[in-house]
Amino acid sequence: MSNELKILLASPRGFCAGVVRAIEIVEKSIKKFGAPVYVRHEIVHNKQVVENLKKKGAIFVDELEQIKDYSRPVIFSAHGVPKSVPKEANDKKIFYVDATCPLVTKVHKEAERHYRNNYKIILIGHKNHPEVIGTMGQIPKENIMLIETIEDVKKIKFHEPIAYVTQTTLSVDDTKNIIELLKEKFPNIKGPIKEDICYATTNRQSAVKKIAPLCDMFFVIGSENSSNSKRLVEVAKKVGCKNSRLVSFDSDLPINEIMKCNNIGLTSGASAPEKLVQEFITRIKIHSKVKIEEVEIVKENVTFRLPNSLN
Ligand code: SF4
């Protein structure tokens, strides 16, 4: 056994209120309507969550046309869907339950409001992410443009009036730089009163900023396709822990490297179950004595109501 290894555990970490609600919607739907229920897209970006729900009776599909039995309900994922999807469900007479996170719905409504007021809309986000596809799909496509980087600001061809909205799971600091540039180019641009990046993304990034500079290595438990988890790795690197990595539930741990460290940092993305964090710690304990120090920057007490159709 090596000397004691200190694990700085970020708090808050893991499940956010939108993820808790989405999982509960699938579980309650199975209870209320019986199995199977269809789920369009991974309900949240975590393989283990998806596998558990499959065992309980959820069938995951990418598109509604893959649904074999239209008499079964379908649930839309926490990331939100373009308007065409509930319309398609209605046309096919499929009953649906919408698990879109209320904080994503808020962005959809902002985009719609700007469109009704004749604004062109800039969406700051990551191409092909389901949340971005959902937000773009709230208004006719010629009225909304996606930008991903500072360089993209130069390519904007829209004329004012212009407004912007953002994906909820972006890097707080990178987005701030893009917004500053947008405001320079379009001094009258309209934005959200309080930013669109959600409380859970902001809090998890702030906790990482606090502890990553103190760590020799930093680990983020989360899936490859989880936007907020990938941002946490980037944040940890930016604040000084160059050796920061994403760990999915079946990843091998770099035990030899970890054993050379004095301090490592640990957090988890908003769609990663706490069980995976505890399993990570258990795997390290096989090789070293461990001292855990939880660093809490803020207490979260956000909860969201379930849709009326499940009450
Ligand atoms: S990360 Fe934020 S926006 Fe996404 S589901 Fe969680 S609370 Fe909602």
# chains A, B, ... in the order shown; residues from 1 in each chain; ligands from 1
>>> select_by_dssp(residues="range 7-116 of chain A", states="helix (DSSP H, G or I)", output="number ranges by chain")
A: 17-33, 47-56, 64-66, 84-91, 102-116
>>> closest_atom_pairs(of="chain A", to="ligand 1", cutoff="7 Å", atoms="only C-alpha atoms and all ligand atoms", output="CSV")
residue,atom,partner,partner_atom_place_in_ligand_line,distance
A:Cys16,CA,ligand 1,6 (Fe),4.7
A:Ala17,CA,ligand 1,7 (S),5.3
A:Gly18,CA,ligand 1,5 (S),3.7
A:Val19,CA,ligand 1,5 (S),5.0
A:Ala78,CA,ligand 1,5 (S),5.7
A:His79,CA,ligand 1,5 (S),6.7
A:Cys101,CA,ligand 1,8 (Fe),4.6
A:Pro102,CA,ligand 1,8 (Fe),6.6
A:Leu103,CA,ligand 1,3 (S),5.1
A:Val104,CA,ligand 1,3 (S),5.4
A:Thr168,CA,ligand 1,3 (S),5.1
A:Thr169,CA,ligand 1,1 (S),5.8
A:Cys198,CA,ligand 1,2 (Fe),4.6
A:Tyr199,CA,ligand 1,2 (Fe),6.4
A:Ala200,CA,ligand 1,2 (Fe),5.2
A:Thr201,CA,ligand 1,1 (S),5.7
A:Asn228,CA,ligand 1,1 (S),6.8
A:Ala270,CA,ligand 1,1 (S),5.6
>>> write_last_selection(atoms="N, CA, C and O atoms", output="PDB file, in the first residue's frame")
ATOM      1  N   CYS A  16     -28.764  16.419 -11.281  1.00  0.00           N
ATOM      2  CA  CYS A  16     -29.434  17.712 -11.098  1.00  0.00           C
ATOM      3  C   CYS A  16     -30.937  17.453 -11.035  1.00  0.00           C
ATOM      4  O   CYS A  16     -31.395  16.328 -11.282  1.00  0.00           O
ATOM      5  N   ALA A  17     -31.696  18.503 -10.752  1.00  0.00           N
ATOM      6  CA  ALA A  17     -33.142  18.329 -10.594  1.00  0.00           C
ATOM      7  C   ALA A  17     -33.819  17.878 -11.898  1.00  0.00           C
ATOM      8  O   ALA A  17     -34.799  17.134 -11.867  1.00  0.00           O
ATOM      9  N   GLY A  18     -33.276  18.314 -13.047  1.00  0.00           N
ATOM     10  CA  GLY A  18     -33.869  17.939 -14.339  1.00  0.00           C
ATOM     11  C   GLY A  18     -33.685  16.452 -14.626  1.00  0.00           C
ATOM     12  O   GLY A  18     -34.568  15.804 -15.197  1.00  0.00           O
ATOM     13  N   VAL A  19     -32.542  15.922 -14.229  1.00  0.00           N
ATOM     14  CA  VAL A  19     -32.259  14.495 -14.446  1.00  0.00           C
ATOM     15  C   VAL A  19     -33.110  13.637 -13.494  1.00  0.00           C
ATOM     16  O   VAL A  19     -33.708  12.637 -13.904  1.00  0.00           O
ATOM     17  N   ALA A  78     -34.936  14.591 -21.402  1.00  0.00           N
ATOM     18  CA  ALA A  78     -34.715  15.835 -20.641  1.00  0.00           C
ATOM     19  C   ALA A  78     -34.118  16.949 -21.507  1.00  0.00           C
ATOM     20  O   ALA A  78     -34.226  18.124 -21.165  1.00  0.00           O
ATOM     21  N   HIS A  79     -33.482  16.569 -22.641  1.00  0.00           N
ATOM     22  CA  HIS A  79     -32.809  17.577 -23.471  1.00  0.00           C
ATOM     23  C   HIS A  79     -33.779  18.430 -24.276  1.00  0.00           C
ATOM     24  O   HIS A  79     -33.390  19.450 -24.824  1.00  0.00           O
ATOM     25  N   CYS A 101     -36.405  19.140 -19.437  1.00  0.00           N
ATOM     26  CA  CYS A 101     -36.128  19.881 -18.199  1.00  0.00           C
ATOM     27  C   CYS A 101     -36.790  21.270 -18.278  1.00  0.00           C
ATOM     28  O   CYS A 101     -36.664  21.958 -19.303  1.00  0.00           O
ATOM     29  N   PRO A 102     -37.461  21.687 -17.216  1.00  0.00           N
ATOM     30  CA  PRO A 102     -38.101  23.007 -17.250  1.00  0.00           C
ATOM     31  C   PRO A 102     -37.126  24.146 -17.576  1.00  0.00           C
ATOM     32  O   PRO A 102     -37.535  25.171 -18.123  1.00  0.00           O
ATOM     33  N   LEU A 103     -35.840  23.962 -17.293  1.00  0.00           N
ATOM     34  CA  LEU A 103     -34.884  25.031 -17.599  1.00  0.00           C
ATOM     35  C   LEU A 103     -34.541  25.062 -19.095  1.00  0.00           C
ATOM     36  O   LEU A 103     -34.130  26.092 -19.617  1.00  0.00           O
ATOM     37  N   VAL A 104     -34.729  23.931 -19.767  1.00  0.00           N
ATOM     38  CA  VAL A 104     -34.585  23.916 -21.228  1.00  0.00           C
ATOM     39  C   VAL A 104     -35.855  24.516 -21.847  1.00  0.00           C
ATOM     40  O   VAL A 104     -35.776  25.319 -22.787  1.00  0.00           O
ATOM     41  N   THR A 168     -27.934  25.020 -22.122  1.00  0.00           N
ATOM     42  CA  THR A 168     -27.894  25.152 -20.655  1.00  0.00           C
ATOM     43  C   THR A 168     -26.622  24.587 -20.031  1.00  0.00           C
ATOM     44  O   THR A 168     -26.354  24.841 -18.857  1.00  0.00           O
ATOM     45  N   THR A 169     -25.854  23.798 -20.797  1.00  0.00           N
ATOM     46  CA  THR A 169     -24.750  23.055 -20.172  1.00  0.00           C
ATOM     47  C   THR A 169     -23.372  23.488 -20.687  1.00  0.00           C
ATOM     48  O   THR A 169     -22.450  22.696 -20.731  1.00  0.00           O
ATOM     49  N   CYS A 198     -27.600  26.624 -16.805  1.00  0.00           N
ATOM     50  CA  CYS A 198     -28.456  26.321 -15.653  1.00  0.00           C
ATOM     51  C   CYS A 198     -27.662  26.325 -14.342  1.00  0.00           C
ATOM     52  O   CYS A 198     -26.429  26.259 -14.334  1.00  0.00           O
ATOM     53  N   TYR A 199     -28.409  26.361 -13.247  1.00  0.00           N
ATOM     54  CA  TYR A 199     -27.800  26.414 -11.908  1.00  0.00           C
ATOM     55  C   TYR A 199     -26.876  25.215 -11.683  1.00  0.00           C
ATOM     56  O   TYR A 199     -25.808  25.331 -11.075  1.00  0.00           O
ATOM     57  N   ALA A 200     -27.291  24.029 -12.184  1.00  0.00           N
ATOM     58  CA  ALA A 200     -26.525  22.805 -11.909  1.00  0.00           C
ATOM     59  C   ALA A 200     -25.176  22.848 -12.630  1.00  0.00           C
ATOM     60  O   ALA A 200     -24.130  22.500 -12.057  1.00  0.00           O
ATOM     61  N   THR A 201     -25.201  23.303 -13.886  1.00  0.00           N
ATOM     62  CA  THR A 201     -23.950  23.429 -14.653  1.00  0.00           C
ATOM     63  C   THR A 201     -23.030  24.436 -13.963  1.00  0.00           C
ATOM     64  O   THR A 201     -21.835  24.180 -13.753  1.00  0.00           O
ATOM     65  N   ASN A 228     -22.334  18.455 -20.161  1.00  0.00           N
ATOM     66  CA  ASN A 228     -21.905  19.120 -18.922  1.00  0.00           C
ATOM     67  C   ASN A 228     -20.699  18.420 -18.304  1.00  0.00           C
ATOM     68  O   ASN A 228     -19.848  19.060 -17.699  1.00  0.00           O
ATOM     69  N   ALA A 270     -23.974  15.981 -14.356  1.00  0.00           N
ATOM     70  CA  ALA A 270     -25.360  16.067 -13.867  1.00  0.00           C
ATOM     71  C   ALA A 270     -26.192  14.831 -14.205  1.00  0.00           C
ATOM     72  O   ALA A 270     -27.281  14.650 -13.669  1.00  0.00           O
TER      73      ALA A 270
END
>>> closest_residue(among="A:Ile264, A:Leu53, A:Val235, A:Val61", to="Asp216 in chain A", atoms="only C-alpha atoms")
A:Ile264
>>> closest_residue(among="A:Glu110, A:His45, A:Pro73, A:Glu160", to="Lys230 in chain A", atoms="only C-alpha atoms")
A:His45
>>> atom_distance(atom1="CA of Lys56 in chain A", atom2="CA of Ile30 in chain A")
7.7 Å
>>> residues_around(residues="Ser271 in chain A", least_positions_apart="5", cutoff="9 Å", atoms="only C-alpha atoms", output="compact mmCIF listing (two decimals) with N, CA and C atoms, in the first residue's frame")
# COMPACT_ATOMS: atom_id res chain seq x y z
N GLY A 14 -22.97 15.40 -9.56
CA GLY A 14 -23.97 14.39 -9.91
C GLY A 14 -25.34 14.95 -10.27
N PHE A 15 -26.34 14.10 -10.08
CA PHE A 15 -27.69 14.38 -10.57
C PHE A 15 -28.18 15.79 -10.25
N CYS A 16 -28.76 16.42 -11.28
CA CYS A 16 -29.43 17.71 -11.10
C CYS A 16 -30.94 17.45 -11.04
N VAL A 19 -32.54 15.92 -14.23
CA VAL A 19 -32.26 14.49 -14.45
C VAL A 19 -33.11 13.64 -13.49
N VAL A 20 -33.19 14.06 -12.24
CA VAL A 20 -34.01 13.32 -11.26
C VAL A 20 -35.44 13.24 -11.77
N VAL A 44 -31.44 10.60 -20.26
CA VAL A 44 -30.34 11.48 -19.86
C VAL A 44 -29.07 10.79 -20.37
N HIS A 45 -27.98 11.54 -20.52
CA HIS A 45 -26.80 10.94 -21.13
C HIS A 45 -25.99 10.12 -20.14
N ASN A 46 -26.53 8.97 -19.76
CA ASN A 46 -25.76 8.07 -18.91
C ASN A 46 -26.18 6.63 -19.21
N VAL A 49 -27.89 4.58 -16.32
CA VAL A 49 -29.28 4.99 -16.10
C VAL A 49 -30.17 4.35 -17.17
N GLY A 222 -18.68 10.54 -15.82
CA GLY A 222 -19.73 10.96 -16.75
C GLY A 222 -19.55 10.28 -18.10
N SER A 223 -20.55 10.39 -18.95
CA SER A 223 -20.49 9.72 -20.25
C SER A 223 -19.86 10.64 -21.30
N SER A 226 -22.04 13.29 -22.67
CA SER A 226 -22.63 14.22 -21.71
C SER A 226 -21.91 15.56 -21.80
N ASN A 228 -22.33 18.46 -20.16
CA ASN A 228 -21.91 19.12 -18.92
C ASN A 228 -20.70 18.42 -18.30
N SER A 229 -20.60 17.08 -18.48
CA SER A 229 -19.45 16.35 -17.92
C SER A 229 -18.16 16.74 -18.65
>>> closest_residue(among="A:Arg40, A:Lys185, A:Lys31, A:His287", to="Met259 in chain A", atoms="only C-alpha atoms")
A:His287
>>> select_by_dssp(residues="range 72-291 of chain A", states="strand (DSSP E or B)", output="PyMOL selection string")
chain A and resi 74-76+96-98+120-124+144-147+162-166+190+217-221+244-247+263-268+288-291
>>> atom_distance(atom1="CA of Val153 in chain A", atom2="CA of Gly191 in chain A")
15.2 Å
>>> closest_residue(among="A:Asn177, A:Ser227, A:Thr100, A:Asn52", to="His126 in chain A", atoms="only C-alpha atoms")
A:Ser227
>>> atom_distance(atom1="CA of Gln138 in chain A", atom2="CA of Lys87 in chain A")
11.8 Å
>>> closest_residue(among="A:His114, A:Lys6, A:Arg231, A:Lys109", to="Val290 in chain A", atoms="only C-alpha atoms")
A:Lys6
>>> residues_around(residues="Lys210 in chain A", least_positions_apart="2", cutoff="9 Å", atoms="only C-alpha atoms", output="MDAnalysis selection string")
chainID A and resid 10 205:208 212:214 239 295 297
>>> write_last_selection(atoms="C-alpha atoms", output="compact mmCIF listing (two decimals), in the first residue's frame")
# COMPACT_ATOMS: atom_id res chain seq x y z
CA ALA A 10 -16.60 18.28 -5.25
CA GLN A 205 -18.16 24.13 -12.63
CA SER A 206 -17.62 26.45 -9.63
CA ALA A 207 -16.89 23.48 -7.34
CA VAL A 208 -14.34 22.15 -9.85
CA ALA A 212 -8.87 21.35 -9.33
CA PRO A 213 -5.93 23.77 -8.80
CA LEU A 214 -5.06 21.79 -5.63
CA VAL A 239 -7.81 26.21 -13.79
CA VAL A 295 -15.58 20.56 -0.54
CA ILE A 297 -19.43 25.42 -2.33
>>> residues_around(residues="Asn311 in chain A", least_positions_apart="6", cutoff="10 Å", atoms="only C-alpha atoms", output="list in words")
Lys28, Lys32 and Arg305 of chain A
>>> residues_around(residues="Ile162 in chain A", least_positions_apart="5", cutoff="10 Å", atoms="only C-alpha atoms", output="list of chain:residue names")
A:His114, A:Tyr115, A:Asn118, A:Tyr119, A:Lys120, A:Ile121, A:Ile122, A:Asn143, A:Ile144, A:Leu182, A:Phe186, A:Pro187, A:Asn188, A:Ile189, A:Lys190, A:Gly191
>>> write_last_selection(atoms="N, CA and C atoms", output="PDB file, in the first residue's frame")
ATOM      1  N   HIS A 114     -38.725  35.896 -28.720  1.00  0.00           N
ATOM      2  CA  HIS A 114     -37.921  36.770 -29.581  1.00  0.00           C
ATOM      3  C   HIS A 114     -38.404  36.673 -31.029  1.00  0.00           C
ATOM      4  N   TYR A 115     -38.703  35.455 -31.456  1.00  0.00           N
ATOM      5  CA  TYR A 115     -39.159  35.251 -32.837  1.00  0.00           C
ATOM      6  C   TYR A 115     -40.472  35.996 -33.068  1.00  0.00           C
ATOM      7  N   ASN A 118     -40.130  39.503 -33.851  1.00  0.00           N
ATOM      8  CA  ASN A 118     -39.387  39.759 -35.098  1.00  0.00           C
ATOM      9  C   ASN A 118     -37.869  39.841 -34.935  1.00  0.00           C
ATOM     10  N   TYR A 119     -37.343  39.227 -33.891  1.00  0.00           N
ATOM     11  CA  TYR A 119     -35.884  39.181 -33.731  1.00  0.00           C
ATOM     12  C   TYR A 119     -35.328  37.961 -34.472  1.00  0.00           C
ATOM     13  N   LYS A 120     -34.096  38.085 -34.971  1.00  0.00           N
ATOM     14  CA  LYS A 120     -33.341  36.917 -35.416  1.00  0.00           C
ATOM     15  C   LYS A 120     -32.603  36.407 -34.190  1.00  0.00           C
ATOM     16  N   ILE A 121     -32.409  35.101 -34.111  1.00  0.00           N
ATOM     17  CA  ILE A 121     -31.862  34.550 -32.863  1.00  0.00           C
ATOM     18  C   ILE A 121     -30.536  33.826 -33.089  1.00  0.00           C
ATOM     19  N   ILE A 122     -29.579  34.155 -32.226  1.00  0.00           N
ATOM     20  CA  ILE A 122     -28.294  33.444 -32.206  1.00  0.00           C
ATOM     21  C   ILE A 122     -28.375  32.456 -31.043  1.00  0.00           C
ATOM     22  N   ASN A 143     -34.614  31.726 -39.107  1.00  0.00           N
ATOM     23  CA  ASN A 143     -34.599  32.788 -38.088  1.00  0.00           C
ATOM     24  C   ASN A 143     -33.639  32.512 -36.938  1.00  0.00           C
ATOM     25  N   ILE A 144     -32.949  31.389 -36.977  1.00  0.00           N
ATOM     26  CA  ILE A 144     -32.059  31.041 -35.855  1.00  0.00           C
ATOM     27  C   ILE A 144     -30.733  30.511 -36.411  1.00  0.00           C
ATOM     28  N   LEU A 182     -20.364  39.279 -28.864  1.00  0.00           N
ATOM     29  CA  LEU A 182     -21.672  39.528 -29.502  1.00  0.00           C
ATOM     30  C   LEU A 182     -22.157  40.936 -29.165  1.00  0.00           C
ATOM     31  N   PHE A 186     -23.037  43.697 -31.809  1.00  0.00           N
ATOM     32  CA  PHE A 186     -24.445  44.118 -31.870  1.00  0.00           C
ATOM     33  C   PHE A 186     -24.815  44.776 -30.537  1.00  0.00           C
ATOM     34  N   PRO A 187     -24.552  46.083 -30.393  1.00  0.00           N
ATOM     35  CA  PRO A 187     -24.747  46.730 -29.083  1.00  0.00           C
ATOM     36  C   PRO A 187     -26.181  46.624 -28.565  1.00  0.00           C
ATOM     37  N   ASN A 188     -27.157  46.436 -29.454  1.00  0.00           N
ATOM     38  CA  ASN A 188     -28.551  46.355 -28.994  1.00  0.00           C
ATOM     39  C   ASN A 188     -29.049  44.927 -28.831  1.00  0.00           C
ATOM     40  N   ILE A 189     -28.140  43.955 -28.905  1.00  0.00           N
ATOM     41  CA  ILE A 189     -28.573  42.549 -28.832  1.00  0.00           C
ATOM     42  C   ILE A 189     -29.314  42.287 -27.521  1.00  0.00           C
ATOM     43  N   LYS A 190     -30.378  41.482 -27.625  1.00  0.00           N
ATOM     44  CA  LYS A 190     -31.138  41.138 -26.412  1.00  0.00           C
ATOM     45  C   LYS A 190     -30.681  39.781 -25.914  1.00  0.00           C
ATOM     46  N   GLY A 191     -30.570  39.650 -24.593  1.00  0.00           N
ATOM     47  CA  GLY A 191     -30.207  38.350 -24.025  1.00  0.00           C
ATOM     48  C   GLY A 191     -31.101  38.045 -22.856  1.00  0.00           C
TER      49      GLY A 191
END
>>> residues_around(residues="Glu42 in chain A", least_positions_apart="6", cutoff="8 Å", atoms="only C-alpha atoms", output="list in words")
Val50, Phe60 and Ser77 of chain A
>>> write_last_selection(atoms="N, CA, C and O atoms", output="PDB file, in the first residue's frame")
ATOM      1  N   VAL A  50     -29.703   4.413 -18.420  1.00  0.00           N
ATOM      2  CA  VAL A  50     -30.479   3.872 -19.543  1.00  0.00           C
ATOM      3  C   VAL A  50     -30.657   2.353 -19.372  1.00  0.00           C
ATOM      4  O   VAL A  50     -31.761   1.824 -19.521  1.00  0.00           O
ATOM      5  N   PHE A  60     -35.868   2.200 -25.761  1.00  0.00           N
ATOM      6  CA  PHE A  60     -35.300   3.454 -26.268  1.00  0.00           C
ATOM      7  C   PHE A  60     -35.289   3.453 -27.800  1.00  0.00           C
ATOM      8  O   PHE A  60     -34.887   2.462 -28.412  1.00  0.00           O
ATOM      9  N   SER A  77     -37.024  13.064 -24.044  1.00  0.00           N
ATOM     10  CA  SER A  77     -35.912  13.143 -23.083  1.00  0.00           C
ATOM     11  C   SER A  77     -35.768  14.532 -22.446  1.00  0.00           C
ATOM     12  O   SER A  77     -36.344  15.510 -22.909  1.00  0.00           O
TER      13      SER A  77
END
>>> closest_atom_pairs(of="range 146-227 of chain A", to="range 280-286 of chain A", cutoff="12 Å", atoms="only C-alpha atoms", output="JSON lines")
{"residue": "A:Phe219", "atom": "CA", "partner": "A:Phe280", "partner_atom": "CA", "distance": 9.7}
{"residue": "A:Val220", "atom": "CA", "partner": "A:Phe280", "partner_atom": "CA", "distance": 10.4}
{"residue": "A:Ile221", "atom": "CA", "partner": "A:Phe280", "partner_atom": "CA", "distance": 8.6}
{"residue": "A:Gly222", "atom": "CA", "partner": "A:Phe280", "partner_atom": "CA", "distance": 11.8}
>>> write_last_selection(atoms="N, CA and C atoms", output="mmCIF file, in the first residue's frame")
data_model
loop_
_atom_site.group_PDB
_atom_site.id
_atom_site.type_symbol
_atom_site.label_atom_id
_atom_site.label_comp_id
_atom_site.auth_asym_id
_atom_site.auth_seq_id
_atom_site.Cartn_x
_atom_site.Cartn_y
_atom_site.Cartn_z
ATOM 1 N N PHE A 219 -10.696 13.813 -11.814
ATOM 2 C CA PHE A 219 -11.566 12.875 -12.527
ATOM 3 C C PHE A 219 -13.011 13.358 -12.500
ATOM 4 N N VAL A 220 -13.631 13.234 -13.665
ATOM 5 C CA VAL A 220 -15.058 13.571 -13.781
ATOM 6 C C VAL A 220 -15.779 12.291 -14.201
ATOM 7 N N ILE A 221 -16.684 11.815 -13.367
ATOM 8 C CA ILE A 221 -17.472 10.640 -13.733
ATOM 9 C C ILE A 221 -18.604 11.111 -14.642
ATOM 10 N N GLY A 222 -18.680 10.540 -15.821
ATOM 11 C CA GLY A 222 -19.733 10.958 -16.753
ATOM 12 C C GLY A 222 -19.549 10.278 -18.096
#
